[in-house]
file final.tsv (TSV, C-alpha atoms and all ligand atoms)
chain	number	residue	atom	x	y	z
B	1	MET	CA	-3.04	-17.68	5.15
B	2	ALA	CA	-0.93	-18.77	8.13
B	3	PRO	CA	-2.31	-17.63	11.47
B	4	SER	CA	-0.08	-15.08	13.14
B	5	GLY	CA	0.33	-14.07	16.75
B	6	SER	CA	0.76	-10.38	16.28
B	7	LEU	CA	-0.24	-8.60	13.14
B	8	HIS	CA	1.48	-5.53	11.79
B	9	ARG	CA	0.05	-3.09	9.28
B	10	LEU	CA	2.04	-0.65	7.21
B	11	ILE	CA	0.50	1.91	4.89
B	12	TYR	CA	2.43	4.29	2.70
B	13	LEU	CA	1.99	6.70	-0.17
B	14	SER	CA	4.62	7.18	-2.86
B	15	SER	CA	5.05	8.69	-6.31
B	16	ALA	CA	5.96	6.77	-9.43
B	17	VAL	CA	9.18	7.84	-11.10
B	18	GLY	CA	8.41	8.74	-14.68
B	19	VAL	CA	5.69	6.84	-16.49
B	20	LEU	CA	5.31	3.26	-15.32
B	21	ARG	CA	4.37	0.96	-18.14
B	22	ALA	CA	1.52	-1.47	-17.69
B	23	ASP	CA	3.81	-4.47	-18.12
B	24	GLU	CA	6.03	-3.18	-15.36
B	25	LEU	CA	3.07	-2.89	-13.02
B	26	ASP	CA	2.10	-6.42	-14.01
B	27	ARG	CA	5.57	-7.59	-13.08
B	28	ILE	CA	5.40	-5.91	-9.69
B	29	TYR	CA	2.03	-7.49	-9.12
B	30	LEU	CA	3.07	-11.01	-10.14
B	31	ARG	CA	6.26	-10.81	-8.10
B	32	SER	CA	4.29	-9.62	-5.10
B	33	GLN	CA	1.77	-12.44	-5.28
B	34	ALA	CA	4.56	-14.93	-4.73
B	35	SER	CA	6.76	-13.15	-2.21
B	36	ASN	CA	3.98	-11.62	-0.12
B	37	GLY	CA	2.16	-14.93	-0.01
B	38	GLY	CA	5.34	-16.67	1.13
B	39	ALA	CA	5.79	-14.15	3.95
B	40	GLY	CA	2.17	-14.45	5.10
B	41	VAL	CA	1.56	-10.86	4.03
B	42	THR	CA	-1.68	-9.61	2.50
B	43	GLY	CA	-2.54	-6.16	1.29
B	44	LEU	CA	-3.59	-3.67	-1.29
B	45	LEU	CA	-1.88	-1.67	-3.99
B	46	LEU	CA	-3.59	1.31	-5.55
B	47	PHE	CA	-2.10	3.25	-8.43
B	48	VAL	CA	-3.84	6.49	-9.27
B	49	GLU	CA	-2.45	9.34	-11.34
B	50	GLY	CA	1.15	8.52	-10.62
B	51	SER	CA	0.67	7.83	-6.90
B	52	PHE	CA	0.84	4.51	-5.12
B	53	LEU	CA	-0.94	3.66	-1.93
B	54	GLN	CA	0.08	0.33	-0.49
B	55	VAL	CA	-1.19	-1.55	2.54
B	56	LEU	CA	0.85	-4.47	3.86
B	57	GLU	CA	-0.53	-6.62	6.68
B	58	GLY	CA	1.08	-9.62	8.29
B	59	PRO	CA	3.75	-10.78	10.74
B	60	ALA	CA	5.96	-7.79	11.68
B	61	ALA	CA	9.14	-9.41	10.40
B	62	GLY	CA	7.57	-10.27	7.06
B	63	VAL	CA	6.20	-6.76	6.57
B	64	ALA	CA	9.54	-5.19	7.56
B	65	SER	CA	11.63	-7.23	5.20
B	66	LEU	CA	9.28	-6.65	2.29
B	67	MET	CA	9.26	-2.96	3.01
B	68	GLN	CA	13.06	-2.91	2.99
B	69	LYS	CA	13.01	-4.18	-0.59
B	70	ILE	CA	10.20	-1.88	-1.64
B	71	ARG	CA	12.01	1.18	-0.23
B	72	ARG	CA	14.99	0.49	-2.43
B	73	ASP	CA	12.89	0.27	-5.59
B	74	ARG	CA	13.74	3.13	-7.90
B	75	ARG	CA	10.44	3.00	-9.70
B	76	HIS	CA	8.95	5.13	-6.94
B	77	THR	CA	10.05	7.92	-4.64
B	78	GLY	CA	8.81	10.11	-1.79
B	79	ILE	CA	7.66	7.18	0.31
B	80	THR	CA	5.54	8.60	3.15
B	81	THR	CA	4.50	6.21	5.88
B	82	LEU	CA	0.92	6.90	6.90
B	83	TYR	CA	0.62	4.14	9.44
B	84	SER	CA	2.93	1.56	10.89
B	85	GLY	CA	1.76	-0.41	13.88
B	86	ALA	CA	-0.22	-3.24	15.29
B	87	CYS	CA	-3.57	-4.19	13.87
B	88	ALA	CA	-6.24	-6.43	15.29
B	89	GLU	CA	-7.23	-8.09	12.04
B	90	ARG	CA	-6.47	-7.97	8.34
B	91	THR	CA	-8.49	-5.57	6.24
B	92	PHE	CA	-7.50	-7.30	3.02
B	93	ALA	CA	-7.36	-10.91	4.12
B	94	ASP	CA	-8.11	-12.57	0.83
B	95	SER	CA	-5.09	-11.72	-1.30
B	96	PRO	CA	-1.28	-11.41	-1.01
B	97	LEU	CA	-1.67	-8.14	-2.90
B	98	HIS	CA	-4.96	-6.88	-4.13
B	99	TYR	CA	-3.96	-4.65	-7.05
B	100	VAL	CA	-6.48	-2.09	-8.15
B	101	PRO	CA	-5.66	0.04	-11.18
B	102	ALA	CA	-7.16	3.52	-11.40
B	103	ARG	CA	-9.65	2.50	-14.07
B	104	ASN	CA	-11.33	0.15	-11.60
B	105	LEU	CA	-11.93	2.85	-9.02
B	106	SER	CA	-15.26	4.59	-8.79
B	107	VAL	CA	-15.43	8.37	-9.09
B	108	GLY	CA	-16.00	8.55	-5.33
B	109	GLU	CA	-12.96	6.39	-4.59
B	110	LYS	CA	-10.77	8.46	-6.89
B	111	SER	CA	-11.79	11.66	-5.25
B	112	ALA	CA	-11.31	10.15	-1.77
B	113	PHE	CA	-7.81	9.14	-2.86
B	114	ALA	CA	-7.07	12.61	-4.23
B	115	ASP	CA	-8.31	14.20	-0.98
B	116	LEU	CA	-6.14	11.89	1.06
B	117	ARG	CA	-3.07	12.63	-1.02
B	118	GLN	CA	-3.68	16.34	-0.82
B	119	THR	CA	-4.15	16.25	2.95
B	120	VAL	CA	-0.97	14.28	3.42
B	121	GLN	CA	1.02	16.59	1.12
B	122	ALA	CA	-0.33	19.73	2.77
B	123	ARG	CA	0.51	18.43	6.23
B	124	SER	CA	3.99	17.35	5.17
B	125	VAL	CA	4.73	20.86	4.01
B	126	LEU	CA	3.33	22.50	7.12
B	127	MET	CA	4.55	20.18	9.83
B	128	GLY	CA	7.13	17.86	8.40
B	129	PRO	CA	6.46	14.22	7.63
B	130	PRO	CA	3.29	12.89	9.20
B	131	ALA	CA	3.62	10.79	12.32
B	132	PRO	CA	3.48	7.12	11.36
B	133	SER	CA	0.33	6.67	13.41
B	134	ALA	CA	-1.55	9.74	12.11
B	135	ASP	CA	-4.74	8.77	10.35
B	136	HIS	CA	-5.67	11.50	7.83
B	137	GLY	CA	-9.04	9.88	7.28
B	138	LEU	CA	-7.22	6.82	6.07
B	139	SER	CA	-9.02	4.10	7.99
B	140	ALA	CA	-12.42	5.32	6.82
B	141	PHE	CA	-11.19	5.36	3.24
B	142	LEU	CA	-9.68	1.90	3.42
B	143	THR	CA	-12.58	0.38	5.30
B	144	SER	CA	-15.11	1.58	2.77
B	145	PHE	CA	-12.80	0.48	0.02
B	146	ALA	CA	-12.40	-3.02	1.47
B	147	GLU	CA	-16.15	-3.30	1.89
B	148	VAL	CA	-16.82	-2.31	-1.69
B	149	ARG	CA	-14.21	-4.71	-3.04
B	150	THR	CA	-15.12	-7.73	-1.01
B	151	ALA	CA	-18.91	-7.34	-1.22
G	201	LIG	C1	4.90	0.67	-5.49
G	201	LIG	C2	5.59	-0.64	-5.41
G	201	LIG	C3	5.06	-1.66	-4.61
G	201	LIG	C4	5.68	-2.90	-4.53
G	201	LIG	N1	5.12	-3.86	-3.73
G	201	LIG	C5	5.72	-5.06	-3.64
G	201	LIG	C6	5.18	-6.06	-2.79
G	201	LIG	O1	4.15	-5.90	-2.14
G	201	LIG	N2	5.85	-7.26	-2.74
G	201	LIG	C7	7.00	-7.50	-3.46
G	201	LIG	O2	7.55	-8.59	-3.36
G	201	LIG	N3	7.52	-6.56	-4.25
G	201	LIG	C8	6.92	-5.34	-4.36
G	201	LIG	N4	7.46	-4.38	-5.18
G	201	LIG	C9	8.68	-4.73	-5.95
G	201	LIG	C10	9.89	-4.66	-5.07
G	201	LIG	O3	10.26	-3.32	-4.86
G	201	LIG	C11	11.06	-5.43	-5.71
G	201	LIG	O4	11.32	-4.89	-6.98
G	201	LIG	C12	10.73	-6.87	-5.91
G	201	LIG	O5	10.29	-7.43	-4.69
G	201	LIG	C13	11.96	-7.64	-6.44
G	201	LIG	O6	12.53	-8.35	-5.42
G	201	LIG	P1	13.81	-9.28	-5.64
G	201	LIG	O7	14.98	-8.35	-5.54
G	201	LIG	O8	13.74	-10.25	-4.52
G	201	LIG	O9	13.63	-9.88	-7.00
G	201	LIG	C14	6.86	-3.13	-5.27
G	201	LIG	C15	7.40	-2.12	-6.06
G	201	LIG	C16	6.77	-0.88	-6.15
G	201	LIG	C17	7.35	0.19	-7.01
call {"tool": "encode", "arguments": {"input": "final.tsv", "output": "structure tokens"}}
result
Amino acid sequence: MAPSGSLHRLIYLSSAVGVLRADELDRIYLRSQASNGGAGVTGLLLFVEGSFLQVLEGPAAGVASLMQKIRRDRRHTGITTLYSGACAERTFADSPLHYVPARNLSVGEKSAFADLRQTVQARSVLMGPPAPSADHGLSAFLTSFAEVRTA
């Protein structure tokens, strides 16, 4: 991966529109391998019970232009940015997009994901959209997740 002066991380949650077929997810994944890699972006895509959680890390311009495309994608909706800002180092350095389908998550990871989604939804209702820098227990979840996956 190309070295980068300043790294940007963007994390969002979204909901799939309708039922996404496995071959469509495969297409997203294959497409992402190429375009994220070309932009020096690495990250993670989780898909659990109709919800996506995506982490994109890389040069700010690369992350922003990818996110512009992803926002327009009609296969998901309700994109809620959980974090958007500088990061010291990549959490998921080894892949342009590490895709993890629900069946590969442990019971603990699934319940951590469900908790996170519930917290974010509850806060959105009470206080409007979460501030982009609010954490919601996210870094702990992702850090443990990255450790499990890369061990
Ligand atoms: C949840 C979700 C995550 C996506 N993540 C990526 C991604 O990381 N990189 C990417 O190139 N496309 C991603 N896509 C697909 C893009 O939205 C878009 O369809 C694709 O980049 C096609 O780009 P093109 O118009 O240049 O062909 C994602 C789509 C969804 C629904």
call {"tool": "closest_atom_pairs", "arguments": {"input": "final.tsv", "of": "chain B", "to": "ligand LIG 201 (chain G)", "cutoff": "6 Å", "atoms": "all atoms listed in the file", "output": "tab-separated table"}}
result
residue	atom	partner	partner_atom	distance
B:Ile28	CA	G:LIG201	C9	5.1
B:Arg31	CA	G:LIG201	O2	5.4
B:Ser32	CA	G:LIG201	N2	3.7
B:Ser35	CA	G:LIG201	O2	4.8
B:Asn36	CA	G:LIG201	N2	5.4
B:Phe52	CA	G:LIG201	C1	5.6
B:Lys69	CA	G:LIG201	O3	5.2
B:Ile70	CA	G:LIG201	O3	3.5
B:Asp73	CA	G:LIG201	O3	4.5
B:Arg75	CA	G:LIG201	C17	5.0
B:His76	CA	G:LIG201	C17	5.2
call {"tool": "closest_residue", "arguments": {"input": "final.tsv", "among": "B:Val120, B:Ala114, B:Leu138, B:Leu53", "to": "Ala16 in chain B", "atoms": "all atoms listed in the file"}}
result
B:Leu53
call {"tool": "closest_residue", "arguments": {"input": "final.tsv", "among": "B:Leu105, B:Ala22, B:Ala39, B:Leu44", "to": "Leu66 in chain B", "atoms": "only C-alpha atoms"}}
result
B:Ala39
call {"tool": "atom_distance", "arguments": {"input": "final.tsv", "atom1": "CA of Gly78 in chain B", "atom2": "CA of Thr42 in chain B"}}
result
22.7 Å
call {"tool": "closest_residue", "arguments": {"input": "final.tsv", "among": "B:Thr143, B:Tyr29, B:Ser51, B:Val107", "to": "Val17 in chain B", "atoms": "only C-alpha atoms"}}
result
B:Ser51
call {"tool": "closest_residue", "arguments": {"input": "final.tsv", "among": "B:Gly50, B:Phe113, B:Gly43, B:Glu57", "to": "Thr77 in chain B", "atoms": "all atoms listed in the file"}}
result
B:Gly50
call {"tool": "atom_distance", "arguments": {"input": "final.tsv", "atom1": "CA of Phe47 in chain B", "atom2": "CA of Gln33 in chain B"}}
result
16.5 Å
call {"tool": "closest_residue", "arguments": {"input": "final.tsv", "among": "B:Val55, B:Leu25, B:Ser84, B:Ser65", "to": "His8 in chain B", "atoms": "only C-alpha atoms"}}
result
B:Ser84
call {"tool": "closest_residue", "arguments": {"input": "final.tsv", "among": "B:Leu126, B:Ala102, B:Leu116, B:Leu56", "to": "Tyr83 in chain B", "atoms": "all atoms listed in the file"}}
result
B:Leu56
call {"tool": "atom_distance", "arguments": {"input": "final.tsv", "atom1": "CA of Leu13 in chain B", "atom2": "CA of Thr80 in chain B"}}
result
5.2 Å
call {"tool": "axis_aligned_box", "arguments": {"input": "final.tsv", "around": "range 119-126 of chain B", "padding_each_side": "8 Å", "output": "lines of an AutoDock Vina configuration file"}}
result
center_x = 0.3
center_y = 18.4
center_z = 4.1
size_x = 24.9
size_y = 24.2
size_z = 22.0
call {"tool": "build_atoms", "arguments": {"input": "final.tsv", "residues": "range 55-80 of chain B", "atoms": "N, CA and C atoms", "output": "short mmCIF file (atom, residue, chain, number, x, y, z; two decimals), keeping the file's coordinate frame"}}
result
data_model
loop_
_atom_site.label_atom_id
_atom_site.label_comp_id
_atom_site.auth_asym_id
_atom_site.auth_seq_id
_atom_site.Cartn_x
_atom_site.Cartn_y
_atom_site.Cartn_z
N VAL B 55 -0.93 -1.04 1.19
CA VAL B 55 -1.19 -1.55 2.54
C VAL B 55 -0.55 -2.93 2.62
N LEU B 56 0.26 -3.15 3.63
CA LEU B 56 0.85 -4.47 3.86
C LEU B 56 0.46 -4.91 5.27
N GLU B 57 -0.09 -6.11 5.38
CA GLU B 57 -0.53 -6.62 6.68
C GLU B 57 0.02 -8.03 6.87
N GLY B 58 0.58 -8.28 8.02
CA GLY B 58 1.08 -9.62 8.29
C GLY B 58 2.02 -9.61 9.48
N PRO B 59 2.78 -10.72 9.65
CA PRO B 59 3.75 -10.78 10.74
C PRO B 59 4.75 -9.62 10.60
N ALA B 60 5.11 -9.00 11.73
CA ALA B 60 5.96 -7.79 11.68
C ALA B 60 7.24 -8.02 10.89
N ALA B 61 7.86 -9.18 11.08
CA ALA B 61 9.14 -9.41 10.40
C ALA B 61 8.94 -9.51 8.89
N GLY B 62 7.86 -10.14 8.48
CA GLY B 62 7.57 -10.27 7.06
C GLY B 62 7.30 -8.92 6.41
N VAL B 63 6.52 -8.10 7.10
CA VAL B 63 6.20 -6.76 6.57
C VAL B 63 7.48 -5.92 6.49
N ALA B 64 8.31 -6.01 7.54
CA ALA B 64 9.54 -5.19 7.56
C ALA B 64 10.49 -5.58 6.45
N SER B 65 10.63 -6.87 6.21
CA SER B 65 11.63 -7.23 5.20
C SER B 65 11.13 -6.93 3.79
N LEU B 66 9.83 -7.06 3.59
CA LEU B 66 9.28 -6.65 2.29
C LEU B 66 9.47 -5.16 2.06
N MET B 67 9.19 -4.42 3.14
CA MET B 67 9.26 -2.96 3.01
C MET B 67 10.69 -2.50 2.74
N GLN B 68 11.66 -3.25 3.26
CA GLN B 68 13.06 -2.91 2.99
C GLN B 68 13.35 -2.99 1.49
N LYS B 69 12.82 -4.03 0.86
CA LYS B 69 13.01 -4.18 -0.59
C LYS B 69 12.27 -3.08 -1.35
N ILE B 70 11.04 -2.84 -0.93
CA ILE B 70 10.20 -1.88 -1.64
C ILE B 70 10.81 -0.47 -1.56
N ARG B 71 11.39 -0.14 -0.39
CA ARG B 71 12.01 1.18 -0.23
C ARG B 71 13.15 1.41 -1.21
N ARG B 72 13.83 0.34 -1.54
CA ARG B 72 14.99 0.49 -2.43
C ARG B 72 14.59 0.57 -3.91
N ASP B 73 13.34 0.35 -4.19
CA ASP B 73 12.89 0.27 -5.59
C ASP B 73 12.87 1.67 -6.21
N ARG B 74 13.60 1.80 -7.29
CA ARG B 74 13.74 3.13 -7.90
C ARG B 74 12.57 3.52 -8.79
N ARG B 75 11.60 2.65 -8.89
CA ARG B 75 10.44 3.00 -9.70
C ARG B 75 9.49 3.91 -8.96
N HIS B 76 9.75 4.15 -7.66
CA HIS B 76 8.95 5.13 -6.94
C HIS B 76 9.82 5.90 -5.96
N THR B 77 9.28 7.02 -5.50
CA THR B 77 10.05 7.92 -4.64
C THR B 77 9.10 8.62 -3.67
N GLY B 78 9.66 9.35 -2.72
CA GLY B 78 8.81 10.11 -1.79
C GLY B 78 7.91 9.22 -0.95
N ILE B 79 8.46 8.11 -0.48
CA ILE B 79 7.66 7.18 0.31
C ILE B 79 7.30 7.83 1.66
N THR B 80 6.02 7.98 1.90
CA THR B 80 5.54 8.60 3.15
C THR B 80 4.72 7.58 3.91
#
